[in-house]
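Asks: Take this structure first; my questions come after.
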Amino acid sequence: MNEVKRPKKPLIFYYTLVMVALVLVNFLLVPWIAEQQIIEVDYGTFITMTENKEISQVKVEDNQILFEGKDGKIYKTGLMNDPDLVNRLHDSGAQFGGEIVEETSPLLSFLLTWILPIVLFIALGQFMSKKLMDRAGGPNSMMFNGGNSNARVYVQSSDGIKFDDVEGVDEAEESLQEIVDYLHNPDKYREIGASMPKGVLLVGPPGTGKTMLAKAVAGEANVPFFSISGSEFVEMFVGMGASKVRDLFKQANEKAPCIVFIDEIDTIGKKRDGQLGGNDEREQTLNQLLTEMDGFEGNNGVIILAATNRPESLDPALTRPGRFDRTILVNYPDMAGRVAILQVHAKGKPLADDVDLENIAKRVPFSTGAELENIMNEAAILAARGRLKAINQQTLVEAISRVQMGPEKRSHKVTQRDKRMVAIHEAGHAIVGHVLPNCDEVHLITIVPRGQAGGYTLSLPTEEDDLQTYSQLMDFVAMGLGGHAAEQLYLGEFTTGATSDLKKATEVCRRMVTQFGMSEKLGPV
């Protein structure tokens with residue numbers, strides 16, 4: 001179970017505790033200690049000392065008599081009904097009234113006056129230093145350690161991720177296996193004159209498996225593996241990020257050969273604009289990273305592995321050969337890759353006999369590995385909720401709809417008027433998609449509301465083409481506007497249900513003109 005973290009108390013709370021402790025010591029402890037210095041005697045001893053003229057000062061209180069002997073000690077006794085007491089005290093030469101000083105020992109006075117407050121303030125300082133360190137990010141905080149690196153070192157374990165656990169990115173996996181093989185057998189490459197690549201950049205959309213590939217390298221390589229995020233280099237004070245880079249590469253050089261993985265490197269590797277008032281801290285961090293990767297002092301045996309989904313924002317000095325010698329594209333998996341990924345995530349999950357993973361993979365074109373993992377997990381949750389012993393095909397289809405569109409709005413009551421409008425709109429999409437030759441095949445039509453959609457038409461490609469023609473794009477736009485046209489034909493007016501369709505069609509048309517050069521009037525632009 002996860003431990004519930006208590007909210008941090010403000011520092012003024014601890015200062016108040018110390019002040020209360022000092023007040024209690026001053027008003028309770030000190031008087032109590034002084035009280036222990038007073039000698040209590042019986043009334044007869046008091047009369048005897050009076051007759052022997054051994055009392056120098058006396059103070060009669062409501063319930064006791066406090067007196068000081070000529071020996072300098074303080075005494076007290078109970079108050080008795082004695083009419084001649086005052087005369088006897090006068091005859092003995094004792095002085096009445098005044099303040100009787102309750103002297104404490106010099107050692108005790110020194111301890112209470114000097115030592116105790118110093119000890120309390122030193123303890124308070126140590127406690128406050130620990131609290132500030134915790135709030136500033138722990139012992140590795142730049143405020144206390146001068147910008148030490150927060151890199152985590154992965155230790156090889158039997159249950160770690162291997163290359164066998166990564167599917168759908170065969171080319172990227174093959175390139176990384178070469179690096180692992182180089183670390184295992186460097187002599188085989190040196191004999192033929194091949195040198196170790198200094199850096200490998202993993203590029204691809206979010207969720208395609210870049211970080212998982214890095215974890216697989218950590219699981220396969222028998223060398224230290226340092227992992228750190230690009231955002232961990234970004235600090236408040238100028239120079240701290242560069243200090244962290246130096247510390248990271250110092251640790252890596254001490255344990256070479258090794259691999260350093262920097263996730264989301266675009267955080268610190270953005271292009272430098274050179275304008276006044278730029279981010280000096282980020283630029284100094286980038287400059288230090290460039291120097292460490294390919295400076296006068298080479299980092300022999302240290303391979304940099306980095307990942308980003310925004311390669312266009314990286315500085316050219318960072319992506320040139322000699323720093324990142326190899327750029328690996330981790331793209332969307334194809335049909336076979338999606339089937340393999342589904343099989344990996346189906347491990348440990350009971351599947352019914354009617355499950356067809358190829359059909360499921362066909363229903364989710366251009367899906368990432370993270371989305372496929374989410375679909376399998378949603379299917380397992382639905383099966384557990386329905387008390388099924390295994391995940392069946394219908395559960396997987398429902399999981400796809402939940403992930404892509406959201407859950408069904410069962411509590412939302414749809415009027416007959418809205419049902420008719422949605423049915424006409426979706427029928428327009430389906431008819432246009434069925435008639436036009438370049439549209440994908442229609443697989444599913446529903447008017448059940450999900451998420452923000454009142455209904456939707458699912459069309460799937462028979463083949464996944466990397467390039468699209470002008471005719472294909474125009475048919476896609478026509479199918480997207482089919483629902484809008486059906487509303488005008490059968491309802492005589494438009495509804496707000498075509499908002500998403502118009503947005504997608506407009507975006508495709510804009511890209512056809514501004515990026516693809518398909519405009520008849522403007523020509524290639």
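By convention in this document, the chains of the structure tokens carry letters A, B, ... by their order, each chain's residues are numbered from 1, and ligands are numbered from 1 in the order they are shown.
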Please give the complete set of residues from range 372-479 of chain A that DSSP, run on the backbone, assigns to strand (DSSP E), formatted as an MDAnalysis selection string.

Replies: chainID A and resid 441:446 456:460

Asks: Could those selected residues go to a file with N, CA and C atoms, as a PDB file, in the first residue's frame?

Replies:
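Dumped everything to part14.pdb:
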ATOM      1  N   GLU A 441     -12.851   0.987 -46.270  1.00  0.00           N
ATOM      2  CA  GLU A 441     -14.045   0.160 -46.133  1.00  0.00           C
ATOM      3  C   GLU A 441     -14.749   0.447 -44.808  1.00  0.00           C
ATOM      4  N   VAL A 442     -16.097   0.622 -44.889  1.00  0.00           N
ATOM      5  CA  VAL A 442     -16.887   0.913 -43.689  1.00  0.00           C
ATOM      6  C   VAL A 442     -17.074  -0.381 -42.908  1.00  0.00           C
ATOM      7  N   HIS A 443     -16.719  -0.351 -41.606  1.00  0.00           N
ATOM      8  CA  HIS A 443     -16.814  -1.539 -40.752  1.00  0.00           C
ATOM      9  C   HIS A 443     -17.897  -1.422 -39.699  1.00  0.00           C
ATOM     10  N   LEU A 444     -18.175  -0.227 -39.224  1.00  0.00           N
ATOM     11  CA  LEU A 444     -19.103  -0.087 -38.102  1.00  0.00           C
ATOM     12  C   LEU A 444     -19.795   1.267 -38.175  1.00  0.00           C
ATOM     13  N   ILE A 445     -21.108   1.245 -37.913  1.00  0.00           N
ATOM     14  CA  ILE A 445     -21.888   2.485 -37.804  1.00  0.00           C
ATOM     15  C   ILE A 445     -22.678   2.396 -36.502  1.00  0.00           C
ATOM     16  N   THR A 446     -22.614   3.436 -35.676  1.00  0.00           N
ATOM     17  CA  THR A 446     -23.353   3.440 -34.414  1.00  0.00           C
ATOM     18  C   THR A 446     -23.876   4.836 -34.132  1.00  0.00           C
ATOM     19  N   TYR A 456     -20.723   7.579 -34.524  1.00  0.00           N
ATOM     20  CA  TYR A 456     -19.555   7.619 -35.407  1.00  0.00           C
ATOM     21  C   TYR A 456     -19.607   6.456 -36.389  1.00  0.00           C
ATOM     22  N   THR A 457     -18.869   6.642 -37.482  1.00  0.00           N
ATOM     23  CA  THR A 457     -18.740   5.627 -38.525  1.00  0.00           C
ATOM     24  C   THR A 457     -17.279   5.207 -38.594  1.00  0.00           C
ATOM     25  N   LEU A 458     -17.024   3.914 -38.412  1.00  0.00           N
ATOM     26  CA  LEU A 458     -15.668   3.390 -38.412  1.00  0.00           C
ATOM     27  C   LEU A 458     -15.340   2.811 -39.780  1.00  0.00           C
ATOM     28  N   SER A 459     -14.314   3.330 -40.418  1.00  0.00           N
ATOM     29  CA  SER A 459     -13.845   2.805 -41.710  1.00  0.00           C
ATOM     30  C   SER A 459     -12.382   2.434 -41.563  1.00  0.00           C
ATOM     31  N   LEU A 460     -12.014   1.270 -42.089  1.00  0.00           N
ATOM     32  CA  LEU A 460     -10.657   0.751 -41.938  1.00  0.00           C
ATOM     33  C   LEU A 460     -10.041   0.502 -43.303  1.00  0.00           C
TER      34      LEU A 460
END

Asks: Find the residues near Ser500 in chain A: any atom within 12 Å, counting only C-alpha atoms, skip ones fewer than 2 places away on the same chain, and give them as a ChimeraX atom specification.

Replies: /A:452-456,480-481,483-484,495-498,502-507

Asks: Rounded to one decimal, what separation in Å do you get between CA of Val432 in chain A and CA of Gln468 in chain A?

Replies: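 The value is 18.7 Å.
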
Asks: For Lys70 in chain A, which of A:Asn377, A:Gln515, A:Gln57, A:Ser92 is the closest residue, counting only C-alpha atoms?

Replies: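 Nearest to Lys70 in chain A: A:Gln57.
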
Asks: Write out as a PyMOL selection string which residues come within 8 Å of range 327-329 of chain A when counting only C-alpha atoms, dropping same-chain ones fewer than 3 positions away.

Replies: chain A and resi 172+175+200-204+324

Asks: May I have the residues from that selection written out with C-alpha atoms, as a compact mmCIF listing (two decimals), in the first residue's frame?

Replies:
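Dumped to result14.txt:
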# COMPACT_ATOMS: atom_id res chain seq x y z
CA ALA A 172 15.33 0.25 -34.28
CA SER A 175 20.42 -0.91 -34.57
CA VAL A 200 22.23 7.46 -30.75
CA LEU A 201 19.09 9.58 -31.06
CA LEU A 202 15.71 7.86 -30.85
CA VAL A 203 13.09 9.88 -32.73
CA GLY A 204 9.39 9.18 -33.03
CA PHE A 324 24.76 11.78 -32.45

Asks: If we count only C-alpha atoms and set the cut-off at 10 Å, which residues sit around range 353-355 of chain A, ignoring sequence neighbours fewer than 6 positions away in its own chain? Please answer as a PyMOL selection string.

Replies: chain A and resi 390-396

Asks: Print the selection's residues with N, CA and C atoms to a file, as a PDB file, in the first residue's frame.

Replies:
ATOM      1  N   ALA A 390     -12.304 -15.178 -19.049  1.00  0.00           N
ATOM      2  CA  ALA A 390     -11.320 -14.889 -20.091  1.00  0.00           C
ATOM      3  C   ALA A 390     -11.781 -13.670 -20.887  1.00  0.00           C
ATOM      4  N   ILE A 391     -10.828 -13.037 -21.567  1.00  0.00           N
ATOM      5  CA  ILE A 391     -11.134 -11.876 -22.409  1.00  0.00           C
ATOM      6  C   ILE A 391     -11.599 -12.378 -23.768  1.00  0.00           C
ATOM      7  N   ASN A 392     -12.783 -11.978 -24.178  1.00  0.00           N
ATOM      8  CA  ASN A 392     -13.302 -12.421 -25.476  1.00  0.00           C
ATOM      9  C   ASN A 392     -13.179 -11.302 -26.503  1.00  0.00           C
ATOM     10  N   GLN A 393     -13.590 -11.607 -27.738  1.00  0.00           N
ATOM     11  CA  GLN A 393     -13.460 -10.658 -28.842  1.00  0.00           C
ATOM     12  C   GLN A 393     -14.318  -9.421 -28.620  1.00  0.00           C
ATOM     13  N   GLN A 394     -15.531  -9.613 -28.129  1.00  0.00           N
ATOM     14  CA  GLN A 394     -16.428  -8.483 -27.926  1.00  0.00           C
ATOM     15  C   GLN A 394     -15.865  -7.528 -26.871  1.00  0.00           C
ATOM     16  N   THR A 395     -15.213  -8.082 -25.866  1.00  0.00           N
ATOM     17  CA  THR A 395     -14.593  -7.240 -24.841  1.00  0.00           C
ATOM     18  C   THR A 395     -13.468  -6.391 -25.430  1.00  0.00           C
ATOM     19  N   LEU A 396     -12.673  -6.975 -26.339  1.00  0.00           N
ATOM     20  CA  LEU A 396     -11.599  -6.220 -26.973  1.00  0.00           C
ATOM     21  C   LEU A 396     -12.144  -5.120 -27.876  1.00  0.00           C
TER      22      LEU A 396
END

Asks: Using DSSP on the backbone, list every residue of range 399-520 of chain A that comes out as helix (DSSP H, G or I), and give them as a ChimeraX atom specification.

Replies: /A:399-404,416-435,470-480,482-490,496-514

Asks: Which is closer to Gly44 in chain A than all the others in A:Met80, A:Ala307, A:Ala123, A:Val508, using only C-alpha atoms?

Replies: A:Met80

Asks: Any idea what's packed within 9 Å of Phe233 in chain A, counting only C-alpha atoms, ignoring anything in its chain fewer than 3 positions away? Could you give it as a ChimeraX atom specification?

Replies: /A:147,149-150,228-230,240-245,267-268,282,285

Asks: May I have the selected residues written with C-alpha atoms, as a short mmCIF file (atom, residue, chain, number, x, y, z; two decimals), in the first residue's frame?

Replies:
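What ended up in result16.cif:
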data_model
loop_
_atom_site.label_atom_id
_atom_site.label_comp_id
_atom_site.auth_asym_id
_atom_site.auth_seq_id
_atom_site.Cartn_x
_atom_site.Cartn_y
_atom_site.Cartn_z
CA GLY A 147 24.58 20.83 -8.91
CA SER A 149 23.69 14.84 -11.12
CA ASN A 150 20.46 13.00 -10.26
CA ILE A 228 18.18 10.92 -16.50
CA SER A 229 15.48 13.21 -17.89
CA GLY A 230 16.32 16.40 -19.74
CA MET A 240 23.81 24.56 -12.09
CA GLY A 241 22.62 22.65 -15.16
CA ALA A 242 26.11 22.68 -16.67
CA SER A 243 27.47 21.47 -13.34
CA LYS A 244 25.07 18.54 -13.42
CA VAL A 245 26.21 17.64 -16.94
CA THR A 267 14.18 20.16 -23.00
CA ILE A 268 17.83 21.24 -23.00
CA ARG A 282 19.57 26.33 -20.77
CA THR A 285 23.70 23.45 -20.12
#

Asks: What is the distance between CA of Asn222 in chain A and CA of Asn309 in chain A, in Å to one decimal?

Replies: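 Value for the CA of Asn222 in chain A-CA of Asn309 in chain A distance: 27.9 Å.
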
Asks: Give me the residues near Leu286 in chain A as a list in words, where near means some atom within 6 Å (using only C-alpha atoms) and where sequence neighbours in that chain fewer than 3 positions away do not count.

Replies: Ile268, Gly269, Glu283 and Leu289 of chain A

Asks: Write the residues of the preceding selection, restricted to C-alpha atoms, as a PDB file, in the first residue's frame.

Replies:
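Done, and the output landed in out_34.pdb:
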ATOM      1  CA  ILE A 268      17.834  21.241 -22.995  1.00  0.00           C
ATOM      2  CA  GLY A 269      18.746  20.742 -26.672  1.00  0.00           C
ATOM      3  CA  GLU A 283      22.187  27.488 -23.277  1.00  0.00           C
ATOM      4  CA  LEU A 289      26.627  18.836 -23.148  1.00  0.00           C
TER       5      LEU A 289
END

Asks: In Å to one decimal, how far is CA of Glu167 in chain A from CA of Val223 in chain A?

Replies: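 Interatomic distance, CA of Val223 in chain A to CA of Glu167 in chain A: 23.4 Å.
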
Asks: Near Ala340 in chain A, counting only C-alpha atoms, which residues have an atom at most 10 Å away, once you skip same-chain residues fewer than 4 positions from it, shown as a short mmCIF file (atom, residue, chain, number, x, y, z; two decimals) with all heavy atoms, in the first residue's frame?

Replies:
data_model
loop_
_atom_site.label_atom_id
_atom_site.label_comp_id
_atom_site.auth_asym_id
_atom_site.auth_seq_id
_atom_site.Cartn_x
_atom_site.Cartn_y
_atom_site.Cartn_z
N ASP A 165 10.99 -8.53 -25.37
CA ASP A 165 9.74 -7.93 -24.89
C ASP A 165 9.32 -6.73 -25.72
O ASP A 165 8.26 -6.15 -25.46
CB ASP A 165 9.91 -7.50 -23.42
CG ASP A 165 10.27 -8.66 -22.52
OD1 ASP A 165 9.72 -9.76 -22.74
OD2 ASP A 165 11.11 -8.49 -21.61
N VAL A 166 10.14 -6.33 -26.69
CA VAL A 166 9.84 -5.16 -27.52
C VAL A 166 9.52 -5.65 -28.92
O VAL A 166 10.33 -6.34 -29.54
CB VAL A 166 11.04 -4.18 -27.55
CG1 VAL A 166 10.69 -2.95 -28.37
CG2 VAL A 166 11.42 -3.77 -26.12
N GLU A 167 8.35 -5.29 -29.41
CA GLU A 167 7.92 -5.71 -30.75
C GLU A 167 7.46 -4.49 -31.54
O GLU A 167 7.15 -3.44 -30.98
CB GLU A 167 6.77 -6.73 -30.65
CG GLU A 167 7.13 -8.03 -29.96
CD GLU A 167 8.08 -8.89 -30.78
OE1 GLU A 167 8.30 -8.59 -31.97
OE2 GLU A 167 8.61 -9.87 -30.23
N GLY A 168 7.41 -4.66 -32.86
CA GLY A 168 6.90 -3.61 -33.73
C GLY A 168 7.90 -2.58 -34.16
O GLY A 168 7.57 -1.68 -34.93
N PRO A 333 3.84 1.26 -35.51
CA PRO A 333 4.00 -0.11 -36.01
C PRO A 333 3.03 -0.43 -37.13
O PRO A 333 1.92 0.12 -37.19
CB PRO A 333 3.71 -0.96 -34.75
CG PRO A 333 2.83 -0.10 -33.91
CD PRO A 333 3.27 1.31 -34.15
N ASP A 334 3.44 -1.31 -38.02
CA ASP A 334 2.55 -1.74 -39.10
C ASP A 334 1.62 -2.83 -38.59
O ASP A 334 1.57 -3.13 -37.39
CB ASP A 334 3.36 -2.20 -40.31
CG ASP A 334 4.34 -3.32 -39.94
OD1 ASP A 334 4.26 -3.83 -38.81
OD2 ASP A 334 5.18 -3.67 -40.79
N MET A 335 0.90 -3.46 -39.52
CA MET A 335 -0.08 -4.48 -39.15
C MET A 335 0.58 -5.63 -38.37
O MET A 335 0.12 -6.03 -37.30
CB MET A 335 -0.75 -5.01 -40.42
CG MET A 335 -1.75 -6.12 -40.18
SD MET A 335 -3.20 -5.56 -39.29
CE MET A 335 -4.12 -7.10 -39.20
N ALA A 336 1.68 -6.17 -38.93
CA ALA A 336 2.36 -7.27 -38.25
C ALA A 336 2.93 -6.84 -36.91
O ALA A 336 2.91 -7.60 -35.93
CB ALA A 336 3.48 -7.82 -39.15
N VAL A 344 2.44 -9.53 -27.04
CA VAL A 344 3.29 -9.27 -25.87
C VAL A 344 2.46 -8.85 -24.67
O VAL A 344 2.64 -9.35 -23.55
CB VAL A 344 4.36 -8.21 -26.21
CG1 VAL A 344 5.08 -7.74 -24.95
CG2 VAL A 344 5.36 -8.75 -27.20
N HIS A 345 1.52 -7.92 -24.90
CA HIS A 345 0.72 -7.42 -23.79
C HIS A 345 -0.40 -8.38 -23.39
O HIS A 345 -1.05 -8.17 -22.36
CB HIS A 345 0.12 -6.06 -24.16
CG HIS A 345 1.14 -4.98 -24.34
ND1 HIS A 345 2.03 -4.62 -23.35
CD2 HIS A 345 1.46 -4.19 -25.42
CE1 HIS A 345 2.83 -3.66 -23.80
NE2 HIS A 345 2.49 -3.39 -25.05
N ALA A 346 -0.63 -9.42 -24.20
CA ALA A 346 -1.63 -10.43 -23.83
C ALA A 346 -1.04 -11.50 -22.92
O ALA A 346 -1.79 -12.33 -22.40
CB ALA A 346 -2.19 -11.09 -25.09
N LEU A 357 -6.58 -11.53 -32.75
CA LEU A 357 -5.73 -10.36 -32.56
C LEU A 357 -5.44 -9.65 -33.87
O LEU A 357 -5.22 -8.44 -33.89
CB LEU A 357 -4.41 -10.77 -31.89
CG LEU A 357 -4.53 -11.26 -30.44
CD1 LEU A 357 -3.15 -11.59 -29.88
CD2 LEU A 357 -5.20 -10.21 -29.56
N GLU A 358 -5.44 -10.37 -35.00
CA GLU A 358 -5.24 -9.72 -36.29
C GLU A 358 -6.41 -8.79 -36.60
O GLU A 358 -6.22 -7.70 -37.14
CB GLU A 358 -5.08 -10.76 -37.38
CG GLU A 358 -3.78 -11.55 -37.30
CD GLU A 358 -3.59 -12.45 -38.50
OE1 GLU A 358 -4.45 -12.41 -39.41
OE2 GLU A 358 -2.57 -13.17 -38.54
N ALA A 361 -5.94 -5.76 -34.43
CA ALA A 361 -4.88 -4.91 -34.96
C ALA A 361 -5.35 -4.14 -36.19
O ALA A 361 -4.94 -2.99 -36.43
CB ALA A 361 -3.65 -5.76 -35.30
#
